[in-house]
Structures are given as C-alpha cells and as structure tokens.
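Inspection log for the structure reproduced underneath, given as structure tokens.
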Amino acid sequence: MLALAIFLATLVLVVWQPRGLGIGTSALAGAAVALATGVVQPMDVAVVWHIVWDATFTFVALIIISLILDEAGCFEWAALHVARWGRGSGTRLFGLVVLLGAAVSAVFANDGAALLLTPIVLGILLRLEFPPPAAFAFALATGFIADTASLPLVTSNLVNIVSANYFGIAFDRYAAVMLPVNGISILATLAVLWLTFGRRIPRRYAVDALEVPASAIVDRAVFRATLPLLAALLTAWFALAPLHVPICFVTGAATLVLMAVAARRQPAGATRIPLRRVLHSAPWQIVLFSVGMYLVVYGLAQAGLAQRGTRVLEALAAHGPVVATVGSGFLAAMLAAVMNNLPATLIGALAIDPAHVAGTTRELMIYANVIGNDLGPKFTPIGSLATLLWLHVLAGRGVRIGWGQYLKVGLVLTPPVLLAALLTLAWWLPVISY
C-alpha cells in the first residue's frame, strides 16, 4: 500500500505539474520518498538505470534531430507538399496527413510527431480556412496516429526501446515482427478516424491558398543533409544490431553530425538555426523522469504487482497463443491508460520475464505488451507523454479538448485498432518464426 501511495502521488504531480513543476523533478521526488521509506533499495537504482539509460538518451537524441529539422523548415516543407498532393480534395488530404503523421512517428518517435507536426498541420488548415469541426478532426487524427503508428522500429517509441533492451531483441528482429503489424495499425486507424470524422471534412479546398513548399526551407544545407543522414542512420541501426551497439551511440552520432551542419559558418544575413535554443528545448526532464518514475514503479512491482501480473499472464497462456496475445495486450493497454505507458511497460516486462510460458507464446506476450503500451494510452489523456504534449500544443493554438471529450473519442477509436494490431501479431509472428 505504501508503494502504491507513493506511485499515485508521483503520478498526480507528473500529470498536474503544479506551478510548472517538471515531470522529472516530480519523478525524482517520488523516487527519493521510495528510497527513504525502504520501498526500493539503493542497489535498485543501478538496476533501473541499466534498463532505461539507452532508451532515454536515444529518445533525447531523436528529439534534438527533430527540433533541428523543424527549425530548418523540413516538416513544414513536407506538410505543404502533402497539402498540394491532396489536389483540392479534403478526403485525400485527410488520408495523406494521417500517412505523413505515421511516417514522422516511425522515424522521429511518437513524441516528435505530436510535438512538431500538430502545429504545422493546424497552421496549414488555418490558411485553407477549414471550419473548426474539420480542424478538430485533423488535430485528433494527428494526435492519434502519433501513437498508433509508433510500432515499426525500436526507436519509434520510448516504450519500444525499453522493451527491446530488457528482452534483448535485436533491431532487425523487432522490425521484421512489427512492420506488418504497424501497417495494419495505420490502416485501422485511418478507417476508424474516417468513420468517426469523415462527415466533418470539407469536400474541396483551394490549393492556391498554399505557399510554395520551397518557401518553408530556412536552412538549405540542413535540408539537403536530411535525407542522406536519415538513410545512413536507418542503415546503421540495422547493420550494427548484430554487434549489440547501444542505439543511443548511433543516434547520438547522427545528432552531432546534424548539429555540425547547422552550426557551420554562413553568409552574412543568412538565417541561423538557434542551436542553443534547440538544446535548451530538448526534453532533458525525460532523463530525470525515466530514472525517477521507473524507480518508483520498480518498487511497486517488487511489492507484488509484477507477481500478480505473472499469474494472470500464465492463466491467459493456458488458453492458447491468440488469447494470450489479445489478453496480455489489452491488459497492458488498460494499465497504460490509468498509470501512463512508461511505468506500465516496466511492470509488464517484470511480469512476463518470470512467467512459465512456452517460447512462441512468451514472445507474443512480449510484443503484445509493446503494442498495448503504444496504442493503449489513447484510451485516456494521461496514457502517454506524447498525448500530454499534444494536448499542450493544441491548447497553445487555442484548441482545447476536455477530458470528457477526449474519453468519448478515445474509447471509440482505440479498441478496434488495438484488436486489429494484436490479431495481426498473433498471426504473423508464428509465420516468421518457423
């Protein structure tokens, strides 16, 4: 009960952020209380750090890359191209925006998609004079796809990195399993979004109201370096996977290269990317949050929650791989919805690890835990940091979504997408395992 009380108090502070209190500061305060009361031991700090350090610094590096590309105008350039490819059709534009969000989420992580793409899409809709109901539909689509399309690569979500590192899943093996699952998740998301909001989308819009995409580019050297750098980064992730090189080393090297390009000497009068501001805007609080919150959750898991989860998972496994996959995925989703997906991921991993489950079914549960914690957060506003960031960005643009309004949408959209992804996993993983 003490471990639970400390966790709940920490979670309230993380979500509420009274007087601008950082999420990392709140998490560290909870960890300090857990240490002081004996809920966790000093030796547990090293255990938790070993679990989270690679994931945390990879995430920070990806966000820095995203922020530099955003300052260079790359995301607005892409969004303007997408708006032109819509050819004046609101239906086509809606689908293309969802696909753009999926691509950004896959490469730059879900938080990057929520943080950077949302204001750009809203800005373009404003120029196209879309009515508020249509803008609301596009905003929700951008926010939902950021999480539901964050499955394909280990680096697409902080949850993925933590899980892959904990269970020793190689980058290429993870992608082989999750790329098809992610494809179905995107299609299911697009379908449920269109069924829910299709009537709000204008049939036509004026393409002439859009600027030329090239006008969005602020730093042409960074823009020209983007595609080769991302291609090299993706290649390195796959090529170095067998050597077990930490992902943050590879991603950090790419970040330094991009920073060097952005910091080069420029002609007089040229616009420079403010690297100091970019570095200041990076989510350093996530580093503190990862250590603090995971330490609090580790204490909660050690107090008995993980053991109870193990028994539930073993009971599900007794009913076959499909029930095990769908059941463990929805359990992870519900846990993520009420306690945030980052702590829920660790609890799920600690519950799966000691479970007496056959090989393929165990692997299905590992990936189902990832899917549940990637997609399940869309049930509630507190389910993921990406959702909290997205809501903050919307509020800054004058679009406010209340908890009740969000829950009505989340409870309708999330279950069918989650079910489709889990059933695809239950079919696909055994196929590639034999």
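Residue numbering restarts at 1 in every chain; chains get A, B, ... in the order shown in the structure tokens, and ligands count up from 1 in that same order.
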
Residues of stretch 53-270 of chain A in alpha helix (DSSP H), written as a short mmCIF file (atom, residue, chain, number, x, y, z; two decimals) with N, CA and C atoms, in the first residue's frame:
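Printed below is selection_37.cif as written:
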data_model
loop_
_atom_site.label_atom_id
_atom_site.label_comp_id
_atom_site.auth_asym_id
_atom_site.auth_seq_id
_atom_site.Cartn_x
_atom_site.Cartn_y
_atom_site.Cartn_z
N TRP A 53 18.78 3.65 -19.51
CA TRP A 53 19.72 4.68 -19.99
C TRP A 53 19.77 4.76 -21.52
N ASP A 54 19.84 3.63 -22.20
CA ASP A 54 19.93 3.63 -23.65
C ASP A 54 18.66 4.21 -24.27
N ALA A 55 17.51 3.77 -23.77
CA ALA A 55 16.23 4.27 -24.30
C ALA A 55 16.10 5.77 -24.10
N THR A 56 16.47 6.25 -22.93
CA THR A 56 16.30 7.66 -22.60
C THR A 56 17.15 8.55 -23.48
N PHE A 57 18.43 8.22 -23.64
CA PHE A 57 19.32 9.08 -24.42
C PHE A 57 19.06 8.95 -25.92
N THR A 58 18.56 7.80 -26.37
CA THR A 58 18.14 7.67 -27.77
C THR A 58 16.97 8.60 -28.04
N PHE A 59 16.02 8.61 -27.13
CA PHE A 59 14.84 9.47 -27.28
C PHE A 59 15.25 10.94 -27.33
N VAL A 60 16.13 11.37 -26.43
CA VAL A 60 16.57 12.76 -26.41
C VAL A 60 17.27 13.12 -27.72
N ALA A 61 18.13 12.21 -28.21
CA ALA A 61 18.85 12.47 -29.46
C ALA A 61 17.88 12.62 -30.64
N LEU A 62 16.87 11.75 -30.70
CA LEU A 62 15.88 11.84 -31.78
C LEU A 62 15.10 13.15 -31.73
N ILE A 63 14.75 13.58 -30.53
CA ILE A 63 14.01 14.84 -30.40
C ILE A 63 14.88 16.02 -30.82
N ILE A 64 16.18 16.00 -30.49
CA ILE A 64 17.06 17.08 -30.92
C ILE A 64 17.14 17.11 -32.45
N ILE A 65 17.28 15.93 -33.08
CA ILE A 65 17.26 15.88 -34.55
C ILE A 65 15.96 16.48 -35.09
N SER A 66 14.84 16.09 -34.48
CA SER A 66 13.53 16.59 -34.92
C SER A 66 13.44 18.11 -34.78
N LEU A 67 13.92 18.64 -33.67
CA LEU A 67 13.85 20.09 -33.44
C LEU A 67 14.72 20.85 -34.44
N ILE A 68 15.89 20.32 -34.78
CA ILE A 68 16.75 20.98 -35.76
C ILE A 68 16.08 20.97 -37.14
N LEU A 69 15.52 19.84 -37.51
CA LEU A 69 14.83 19.76 -38.81
C LEU A 69 13.61 20.66 -38.84
N ASP A 70 12.94 20.79 -37.72
CA ASP A 70 11.79 21.69 -37.64
C ASP A 70 12.23 23.14 -37.83
N GLU A 71 13.33 23.53 -37.16
CA GLU A 71 13.85 24.90 -37.31
C GLU A 71 14.28 25.16 -38.75
N ALA A 72 14.77 24.11 -39.43
CA ALA A 72 15.21 24.27 -40.82
C ALA A 72 14.04 24.34 -41.79
N CYS A 74 11.95 21.69 -42.50
CA CYS A 74 11.74 20.43 -43.23
C CYS A 74 10.33 19.88 -43.07
N PHE A 75 9.78 19.95 -41.85
CA PHE A 75 8.46 19.39 -41.62
C PHE A 75 7.38 20.23 -42.31
N GLU A 76 7.53 21.55 -42.29
CA GLU A 76 6.54 22.40 -42.98
C GLU A 76 6.63 22.18 -44.48
N TRP A 77 7.84 22.00 -44.99
CA TRP A 77 8.02 21.69 -46.42
C TRP A 77 7.26 20.42 -46.78
N ALA A 78 7.41 19.38 -45.95
CA ALA A 78 6.72 18.11 -46.21
C ALA A 78 5.21 18.28 -46.14
N ALA A 79 4.74 19.03 -45.13
CA ALA A 79 3.30 19.23 -44.96
C ALA A 79 2.70 20.01 -46.14
N LEU A 80 3.43 21.00 -46.63
CA LEU A 80 2.94 21.77 -47.79
C LEU A 80 2.88 20.89 -49.04
N HIS A 81 3.86 20.02 -49.20
CA HIS A 81 3.81 19.09 -50.32
C HIS A 81 2.59 18.18 -50.20
N VAL A 82 2.34 17.68 -49.00
CA VAL A 82 1.19 16.80 -48.77
C VAL A 82 -0.10 17.53 -49.09
N ALA A 83 -0.20 18.79 -48.67
CA ALA A 83 -1.41 19.58 -48.94
C ALA A 83 -1.61 19.78 -50.44
N ARG A 84 -0.52 19.93 -51.17
CA ARG A 84 -0.64 20.07 -52.63
C ARG A 84 -0.98 18.74 -53.29
N TRP A 85 -0.43 17.66 -52.75
CA TRP A 85 -0.77 16.33 -53.30
C TRP A 85 -2.24 16.00 -53.11
N GLY A 90 -10.59 17.22 -49.88
CA GLY A 90 -10.48 17.10 -48.43
C GLY A 90 -10.28 15.66 -47.99
N THR A 91 -10.94 14.73 -48.66
CA THR A 91 -10.81 13.31 -48.32
C THR A 91 -9.37 12.83 -48.53
N ARG A 92 -8.80 13.19 -49.70
CA ARG A 92 -7.44 12.77 -49.98
C ARG A 92 -6.46 13.43 -49.00
N LEU A 93 -6.70 14.70 -48.68
CA LEU A 93 -5.83 15.41 -47.74
C LEU A 93 -5.84 14.75 -46.37
N PHE A 94 -7.01 14.33 -45.91
CA PHE A 94 -7.12 13.69 -44.60
C PHE A 94 -6.27 12.42 -44.55
N GLY A 95 -6.38 11.60 -45.59
CA GLY A 95 -5.58 10.37 -45.63
C GLY A 95 -4.09 10.65 -45.70
N LEU A 96 -3.70 11.66 -46.49
CA LEU A 96 -2.29 11.98 -46.63
C LEU A 96 -1.70 12.54 -45.33
N VAL A 97 -2.47 13.33 -44.59
CA VAL A 97 -1.99 13.85 -43.30
C VAL A 97 -1.77 12.71 -42.32
N VAL A 98 -2.68 11.74 -42.32
CA VAL A 98 -2.50 10.58 -41.44
C VAL A 98 -1.24 9.81 -41.83
N LEU A 99 -1.00 9.63 -43.12
CA LEU A 99 0.20 8.91 -43.56
C LEU A 99 1.47 9.70 -43.25
N LEU A 100 1.42 11.02 -43.38
CA LEU A 100 2.56 11.85 -43.01
C LEU A 100 2.86 11.70 -41.52
N GLY A 101 1.80 11.73 -40.70
CA GLY A 101 1.98 11.54 -39.25
C GLY A 101 2.59 10.19 -38.94
N ALA A 102 2.17 9.16 -39.68
CA ALA A 102 2.72 7.82 -39.46
C ALA A 102 4.19 7.77 -39.80
N ALA A 103 4.58 8.43 -40.90
CA ALA A 103 5.99 8.43 -41.30
C ALA A 103 6.86 9.17 -40.29
N VAL A 104 6.38 10.33 -39.83
CA VAL A 104 7.14 11.11 -38.85
C VAL A 104 7.26 10.35 -37.54
N SER A 105 6.18 9.71 -37.13
CA SER A 105 6.20 8.93 -35.88
C SER A 105 7.17 7.77 -35.97
N ALA A 106 7.21 7.10 -37.12
CA ALA A 106 8.09 5.94 -37.29
C ALA A 106 9.55 6.33 -37.18
N VAL A 107 9.93 7.45 -37.80
CA VAL A 107 11.34 7.83 -37.88
C VAL A 107 11.77 8.69 -36.70
N PHE A 108 10.91 9.63 -36.28
CA PHE A 108 11.29 10.61 -35.27
C PHE A 108 10.63 10.38 -33.92
N ALA A 109 9.99 9.23 -33.75
CA ALA A 109 9.33 8.85 -32.48
C ALA A 109 8.00 9.57 -32.33
N ASN A 110 7.13 8.97 -31.55
CA ASN A 110 5.76 9.48 -31.42
C ASN A 110 5.72 10.87 -30.80
N ASP A 111 6.60 11.14 -29.84
CA ASP A 111 6.60 12.46 -29.21
C ASP A 111 7.01 13.54 -30.20
N GLY A 112 7.95 13.24 -31.09
CA GLY A 112 8.34 14.20 -32.11
C GLY A 112 7.19 14.51 -33.05
N THR A 118 1.78 18.61 -35.26
CA THR A 118 0.46 19.16 -34.93
C THR A 118 0.34 20.65 -35.24
N PRO A 119 1.25 21.51 -34.75
CA PRO A 119 1.10 22.94 -35.07
C PRO A 119 1.24 23.25 -36.54
N ILE A 120 2.07 22.48 -37.26
CA ILE A 120 2.23 22.72 -38.70
C ILE A 120 0.94 22.40 -39.44
N VAL A 121 0.33 21.27 -39.12
CA VAL A 121 -0.94 20.88 -39.77
C VAL A 121 -2.02 21.90 -39.46
N LEU A 122 -2.11 22.33 -38.21
CA LEU A 122 -3.13 23.33 -37.84
C LEU A 122 -2.89 24.64 -38.57
N GLY A 123 -1.63 25.02 -38.75
CA GLY A 123 -1.32 26.26 -39.46
C GLY A 123 -1.76 26.19 -40.93
N ILE A 124 -1.54 25.05 -41.54
CA ILE A 124 -1.95 24.87 -42.94
C ILE A 124 -3.48 24.88 -43.06
N LEU A 125 -4.16 24.24 -42.12
CA LEU A 125 -5.63 24.26 -42.15
C LEU A 125 -6.17 25.68 -41.99
N LEU A 126 -5.48 26.48 -41.18
CA LEU A 126 -5.89 27.87 -41.00
C LEU A 126 -5.78 28.64 -42.31
N ARG A 127 -4.69 28.39 -43.04
CA ARG A 127 -4.52 29.06 -44.34
C ARG A 127 -5.58 28.60 -45.34
N PRO A 132 -13.89 25.03 -37.89
CA PRO A 132 -13.40 24.42 -36.64
C PRO A 132 -13.67 22.92 -36.52
N PRO A 133 -14.86 22.39 -36.89
CA PRO A 133 -15.06 20.94 -36.77
C PRO A 133 -14.07 20.13 -37.61
N ALA A 134 -13.74 20.64 -38.80
CA ALA A 134 -12.77 19.94 -39.64
C ALA A 134 -11.37 20.02 -39.05
N ALA A 135 -11.00 21.20 -38.53
CA ALA A 135 -9.69 21.35 -37.89
C ALA A 135 -9.56 20.42 -36.69
N PHE A 136 -10.65 20.28 -35.93
CA PHE A 136 -10.66 19.37 -34.79
C PHE A 136 -10.41 17.93 -35.23
N ALA A 137 -11.03 17.53 -36.34
CA ALA A 137 -10.85 16.17 -36.86
C ALA A 137 -9.40 15.93 -37.26
N PHE A 138 -8.79 16.90 -37.95
CA PHE A 138 -7.40 16.76 -38.36
C PHE A 138 -6.47 16.74 -37.14
N ALA A 139 -6.78 17.58 -36.16
CA ALA A 139 -5.95 17.61 -34.95
C ALA A 139 -5.99 16.26 -34.22
N LEU A 140 -7.17 15.68 -34.10
CA LEU A 140 -7.29 14.37 -33.45
C LEU A 140 -6.58 13.30 -34.26
N ALA A 141 -6.70 13.38 -35.58
CA ALA A 141 -6.02 12.40 -36.43
C ALA A 141 -4.51 12.46 -36.24
N THR A 142 -3.97 13.68 -36.17
CA THR A 142 -2.53 13.84 -35.98
C THR A 142 -2.09 13.30 -34.64
N GLY A 143 -2.87 13.56 -33.59
CA GLY A 143 -2.53 13.07 -32.27
C GLY A 143 -2.62 11.56 -32.15
N PHE A 144 -3.65 10.97 -32.72
CA PHE A 144 -3.83 9.52 -32.60
C PHE A 144 -2.80 8.75 -33.41
N ILE A 145 -2.50 9.21 -34.60
CA ILE A 145 -1.56 8.45 -35.43
C ILE A 145 -0.15 8.51 -34.86
N ALA A 146 0.15 9.54 -34.09
CA ALA A 146 1.48 9.64 -33.48
C ALA A 146 1.77 8.42 -32.61
N ASP A 147 0.78 7.90 -31.91
CA ASP A 147 0.97 6.73 -31.07
C ASP A 147 0.67 5.43 -31.79
N THR A 148 -0.41 5.39 -32.56
CA THR A 148 -0.81 4.13 -33.18
C THR A 148 0.13 3.70 -34.31
N LEU A 158 9.62 5.35 -27.04
CA LEU A 158 10.45 5.06 -25.87
C LEU A 158 10.10 3.69 -25.28
N VAL A 159 8.82 3.33 -25.34
CA VAL A 159 8.36 2.02 -24.87
C VAL A 159 9.06 0.90 -25.63
N ASN A 160 9.20 1.06 -26.95
CA ASN A 160 9.83 0.03 -27.77
C ASN A 160 11.28 -0.20 -27.37
N ILE A 161 12.00 0.90 -27.12
CA ILE A 161 13.42 0.80 -26.79
C ILE A 161 13.60 0.10 -25.45
N VAL A 162 12.79 0.50 -24.46
CA VAL A 162 12.88 -0.12 -23.13
C VAL A 162 12.62 -1.63 -23.24
N SER A 163 11.58 -2.01 -23.97
CA SER A 163 11.21 -3.42 -24.09
C SER A 163 12.28 -4.21 -24.85
N ALA A 164 12.77 -3.65 -25.96
CA ALA A 164 13.77 -4.35 -26.76
C ALA A 164 15.05 -4.56 -25.96
N ASN A 165 15.47 -3.54 -25.22
CA ASN A 165 16.68 -3.67 -24.40
C ASN A 165 16.49 -4.67 -23.26
N TYR A 166 15.31 -4.63 -22.64
CA TYR A 166 15.06 -5.51 -21.49
C TYR A 166 15.11 -6.98 -21.91
N PHE A 167 14.52 -7.29 -23.06
CA PHE A 167 14.44 -8.69 -23.50
C PHE A 167 15.51 -9.05 -24.53
N PHE A 171 17.49 -5.10 -33.35
CA PHE A 171 16.77 -4.10 -34.13
C PHE A 171 16.09 -4.73 -35.34
N ASP A 172 16.82 -5.62 -36.05
CA ASP A 172 16.25 -6.20 -37.27
C ASP A 172 15.13 -7.19 -36.96
N ARG A 173 15.27 -7.96 -35.87
CA ARG A 173 14.20 -8.89 -35.49
C ARG A 173 12.93 -8.13 -35.11
N TYR A 174 13.11 -7.06 -34.36
CA TYR A 174 11.95 -6.25 -33.96
C TYR A 174 11.22 -5.72 -35.20
N ALA A 175 11.97 -5.16 -36.14
CA ALA A 175 11.35 -4.60 -37.34
C ALA A 175 10.64 -5.68 -38.16
N ALA A 176 11.24 -6.87 -38.26
CA ALA A 176 10.62 -7.95 -39.02
C ALA A 176 9.27 -8.34 -38.44
N VAL A 177 9.15 -8.29 -37.12
CA VAL A 177 7.89 -8.64 -36.47
C VAL A 177 6.88 -7.50 -36.58
N MET A 178 7.34 -6.29 -36.33
CA MET A 178 6.40 -5.18 -36.12
C MET A 178 6.04 -4.36 -37.36
N LEU A 179 6.82 -4.42 -38.42
CA LEU A 179 6.47 -3.63 -39.61
C LEU A 179 5.10 -4.00 -40.18
N PRO A 180 4.78 -5.29 -40.37
CA PRO A 180 3.43 -5.62 -40.85
C PRO A 180 2.34 -5.25 -39.85
N VAL A 181 2.63 -5.43 -38.57
CA VAL A 181 1.66 -5.07 -37.54
C VAL A 181 1.38 -3.58 -37.59
N ASN A 182 2.44 -2.79 -37.78
CA ASN A 182 2.27 -1.34 -37.86
C ASN A 182 1.45 -0.94 -39.08
N GLY A 183 1.65 -1.65 -40.20
CA GLY A 183 0.85 -1.36 -41.39
C GLY A 183 -0.64 -1.55 -41.16
N ILE A 184 -0.99 -2.63 -40.48
CA ILE A 184 -2.40 -2.87 -40.16
C ILE A 184 -2.91 -1.83 -39.17
N SER A 185 -2.06 -1.45 -38.22
CA SER A 185 -2.46 -0.43 -37.25
C SER A 185 -2.77 0.90 -37.93
N ILE A 186 -1.96 1.27 -38.92
CA ILE A 186 -2.19 2.53 -39.66
C ILE A 186 -3.51 2.45 -40.43
N LEU A 187 -3.72 1.34 -41.14
CA LEU A 187 -4.96 1.19 -41.91
C LEU A 187 -6.19 1.21 -41.00
N ALA A 188 -6.09 0.52 -39.86
CA ALA A 188 -7.22 0.50 -38.92
C ALA A 188 -7.47 1.89 -38.34
N THR A 189 -6.39 2.61 -38.04
CA THR A 189 -6.54 3.97 -37.52
C THR A 189 -7.21 4.87 -38.54
N LEU A 190 -6.75 4.79 -39.77
CA LEU A 190 -7.34 5.61 -40.84
C LEU A 190 -8.82 5.28 -41.01
N ALA A 191 -9.16 4.00 -40.93
CA ALA A 191 -10.56 3.59 -41.11
C ALA A 191 -11.45 4.13 -39.99
N VAL A 192 -11.02 3.96 -38.74
CA VAL A 192 -11.88 4.40 -37.63
C VAL A 192 -11.94 5.92 -37.56
N LEU A 193 -10.85 6.59 -37.92
CA LEU A 193 -10.88 8.05 -37.94
C LEU A 193 -11.85 8.56 -39.00
N TRP A 194 -11.82 7.92 -40.17
CA TRP A 194 -12.70 8.37 -41.24
C TRP A 194 -14.17 8.07 -40.91
N LEU A 195 -14.43 6.91 -40.33
CA LEU A 195 -15.81 6.58 -39.95
C LEU A 195 -16.34 7.54 -38.90
N THR A 196 -15.45 8.03 -38.02
CA THR A 196 -15.86 8.92 -36.94
C THR A 196 -15.96 10.37 -37.38
N PHE A 197 -15.01 10.82 -38.22
CA PHE A 197 -14.92 12.25 -38.54
C PHE A 197 -15.09 12.57 -40.02
N ARG A 220 19.14 25.60 -46.06
CA ARG A 220 19.18 24.66 -47.18
C ARG A 220 20.24 23.58 -46.99
N ALA A 221 21.30 23.88 -46.29
CA ALA A 221 22.33 22.85 -46.06
C ALA A 221 21.78 21.74 -45.17
N VAL A 222 21.07 22.11 -44.12
CA VAL A 222 20.44 21.12 -43.25
C VAL A 222 19.39 20.34 -44.04
N PHE A 223 18.62 21.04 -44.86
CA PHE A 223 17.59 20.39 -45.66
C PHE A 223 18.21 19.36 -46.60
N ARG A 224 19.32 19.72 -47.28
CA ARG A 224 19.97 18.80 -48.21
C ARG A 224 20.62 17.62 -47.48
N ALA A 225 21.02 17.84 -46.24
CA ALA A 225 21.67 16.76 -45.48
C ALA A 225 20.67 15.80 -44.86
N THR A 226 19.39 16.17 -44.82
CA THR A 226 18.40 15.39 -44.08
C THR A 226 18.24 13.97 -44.62
N LEU A 227 17.96 13.84 -45.91
CA LEU A 227 17.70 12.51 -46.47
C LEU A 227 18.92 11.59 -46.37
N PRO A 228 20.13 12.04 -46.77
CA PRO A 228 21.30 11.16 -46.60
C PRO A 228 21.55 10.78 -45.15
N LEU A 229 21.35 11.73 -44.24
CA LEU A 229 21.59 11.45 -42.82
C LEU A 229 20.61 10.41 -42.30
N LEU A 230 19.34 10.56 -42.62
CA LEU A 230 18.33 9.60 -42.15
C LEU A 230 18.56 8.23 -42.77
N ALA A 231 18.96 8.19 -44.06
CA ALA A 231 19.25 6.91 -44.70
C ALA A 231 20.44 6.23 -44.02
N ALA A 232 21.47 7.02 -43.70
CA ALA A 232 22.64 6.46 -43.02
C ALA A 232 22.28 5.98 -41.61
N LEU A 233 21.41 6.73 -40.94
CA LEU A 233 21.00 6.36 -39.58
C LEU A 233 20.22 5.06 -39.58
N LEU A 234 19.26 4.94 -40.49
CA LEU A 234 18.49 3.70 -40.58
C LEU A 234 19.38 2.51 -40.93
N THR A 235 20.30 2.72 -41.86
CA THR A 235 21.23 1.64 -42.24
C THR A 235 22.09 1.22 -41.05
N ALA A 236 22.57 2.20 -40.30
CA ALA A 236 23.42 1.90 -39.14
C ALA A 236 22.65 1.15 -38.07
N TRP A 237 21.41 1.54 -37.84
CA TRP A 237 20.60 0.83 -36.84
C TRP A 237 20.51 -0.66 -37.17
N PHE A 238 20.24 -0.97 -38.43
CA PHE A 238 20.11 -2.37 -38.83
C PHE A 238 21.48 -3.07 -38.88
N ALA A 239 22.48 -2.39 -39.45
CA ALA A 239 23.79 -3.02 -39.65
C ALA A 239 24.49 -3.31 -38.32
N ILE A 247 21.85 1.74 -29.10
CA ILE A 247 21.18 2.57 -30.10
C ILE A 247 21.49 4.05 -29.88
N CYS A 248 21.65 4.45 -28.63
CA CYS A 248 21.89 5.87 -28.36
C CYS A 248 23.25 6.32 -28.89
N PHE A 249 24.23 5.42 -29.00
CA PHE A 249 25.53 5.80 -29.58
C PHE A 249 25.36 6.15 -31.05
N VAL A 250 24.62 5.32 -31.77
CA VAL A 250 24.40 5.55 -33.21
C VAL A 250 23.59 6.82 -33.42
N THR A 251 22.49 6.95 -32.67
CA THR A 251 21.62 8.12 -32.83
C THR A 251 22.33 9.39 -32.38
N GLY A 252 23.11 9.29 -31.31
CA GLY A 252 23.87 10.45 -30.84
C GLY A 252 24.88 10.92 -31.86
N ALA A 253 25.54 9.98 -32.56
CA ALA A 253 26.50 10.36 -33.60
C ALA A 253 25.81 11.12 -34.73
N ALA A 254 24.62 10.65 -35.14
CA ALA A 254 23.86 11.35 -36.18
C ALA A 254 23.45 12.74 -35.71
N THR A 255 23.10 12.86 -34.44
CA THR A 255 22.73 14.16 -33.89
C THR A 255 23.90 15.13 -33.95
N LEU A 256 25.10 14.68 -33.61
CA LEU A 256 26.29 15.54 -33.64
C LEU A 256 26.60 15.98 -35.06
N VAL A 257 26.44 15.08 -36.03
CA VAL A 257 26.67 15.44 -37.44
C VAL A 257 25.70 16.53 -37.87
N LEU A 258 24.43 16.36 -37.55
CA LEU A 258 23.42 17.36 -37.94
C LEU A 258 23.67 18.69 -37.24
N MET A 259 24.08 18.65 -35.98
CA MET A 259 24.40 19.88 -35.26
C MET A 259 25.58 20.59 -35.90
N ALA A 260 26.56 19.83 -36.36
CA ALA A 260 27.72 20.44 -37.03
C ALA A 260 27.31 21.13 -38.33
N VAL A 261 26.40 20.50 -39.07
CA VAL A 261 25.91 21.12 -40.31
C VAL A 261 25.15 22.41 -39.98
N ALA A 262 24.34 22.37 -38.95
CA ALA A 262 23.55 23.55 -38.58
C ALA A 262 24.42 24.67 -38.03
#

Excluding A:Ser384 and residues on its chain fewer than 2 positions from it, collect all residues at most 9 Å away from it, counting only C-alpha atoms, and give them as a PyMOL selection string. chain A and resi 147+336-337+339-342+373-374+376-378+380-382+386-389

Filtering to N, CA and C atoms, could you give me those residues as an mmCIF file, in the first residue's frame?
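Writing done, so here's part-v4.cif:
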data_model
loop_
_atom_site.group_PDB
_atom_site.id
_atom_site.type_symbol
_atom_site.label_atom_id
_atom_site.label_comp_id
_atom_site.auth_asym_id
_atom_site.auth_seq_id
_atom_site.Cartn_x
_atom_site.Cartn_y
_atom_site.Cartn_z
ATOM 1 N N ASP A 147 0.777 7.902 -31.914
ATOM 2 C CA ASP A 147 0.975 6.727 -31.067
ATOM 3 C C ASP A 147 0.667 5.432 -31.794
ATOM 4 N N ALA A 336 -1.658 1.001 -18.997
ATOM 5 C CA ALA A 336 -1.072 2.232 -19.533
ATOM 6 C C ALA A 336 -2.058 3.392 -19.460
ATOM 7 N N ALA A 337 -3.324 3.106 -19.699
ATOM 8 C CA ALA A 337 -4.336 4.164 -19.707
ATOM 9 C C ALA A 337 -4.512 4.811 -18.337
ATOM 10 N N MET A 339 -2.099 4.498 -15.676
ATOM 11 C CA MET A 339 -0.873 4.858 -14.959
ATOM 12 C C MET A 339 0.226 5.404 -15.869
ATOM 13 N N ASN A 340 -0.046 5.643 -17.154
ATOM 14 C CA ASN A 340 0.915 6.098 -18.146
ATOM 15 C C ASN A 340 1.697 4.899 -18.684
ATOM 16 N N ASN A 341 2.010 4.954 -19.971
ATOM 17 C CA ASN A 341 2.581 3.771 -20.620
ATOM 18 C C ASN A 341 4.031 3.483 -20.239
ATOM 19 N N LEU A 342 4.793 4.484 -19.796
ATOM 20 C CA LEU A 342 6.186 4.220 -19.435
ATOM 21 C C LEU A 342 6.296 3.332 -18.198
ATOM 22 N N ASN A 373 1.110 -0.941 -24.840
ATOM 23 C CA ASN A 373 1.633 0.301 -24.270
ATOM 24 C C ASN A 373 1.881 1.384 -25.309
ATOM 25 N N ASP A 374 1.892 1.021 -26.592
ATOM 26 C CA ASP A 374 1.956 2.029 -27.661
ATOM 27 C C ASP A 374 0.571 2.560 -28.012
ATOM 28 N N GLY A 376 -2.563 1.550 -26.293
ATOM 29 C CA GLY A 376 -3.467 1.684 -25.160
ATOM 30 C C GLY A 376 -3.543 3.059 -24.528
ATOM 31 N N PRO A 377 -2.436 3.843 -24.544
ATOM 32 C CA PRO A 377 -2.504 5.191 -23.955
ATOM 33 C C PRO A 377 -3.566 6.092 -24.570
ATOM 34 N N LYS A 378 -4.034 5.768 -25.780
ATOM 35 C CA LYS A 378 -5.039 6.626 -26.414
ATOM 36 C C LYS A 378 -6.402 6.504 -25.746
ATOM 37 N N THR A 380 -6.990 7.286 -22.625
ATOM 38 C CA THR A 380 -7.124 8.420 -21.698
ATOM 39 C C THR A 380 -6.092 9.496 -22.011
ATOM 40 N N PRO A 381 -6.323 10.728 -21.553
ATOM 41 C CA PRO A 381 -5.349 11.804 -21.807
ATOM 42 C C PRO A 381 -4.011 11.609 -21.103
ATOM 43 N N ILE A 382 -3.973 10.822 -20.022
ATOM 44 C CA ILE A 382 -2.729 10.665 -19.274
ATOM 45 C C ILE A 382 -1.943 9.429 -19.703
ATOM 46 N N ALA A 386 3.342 11.627 -25.051
ATOM 47 C CA ALA A 386 3.030 12.182 -26.373
ATOM 48 C C ALA A 386 1.644 12.822 -26.377
ATOM 49 N N THR A 387 0.676 12.169 -25.729
ATOM 50 C CA THR A 387 -0.681 12.729 -25.663
ATOM 51 C C THR A 387 -0.708 14.006 -24.852
ATOM 52 N N LEU A 388 0.006 14.020 -23.720
ATOM 53 C CA LEU A 388 0.075 15.228 -22.894
ATOM 54 C C LEU A 388 0.732 16.372 -23.660
ATOM 55 N N LEU A 389 1.803 16.074 -24.411
ATOM 56 C CA LEU A 389 2.450 17.089 -25.241
ATOM 57 C C LEU A 389 1.498 17.607 -26.317
#
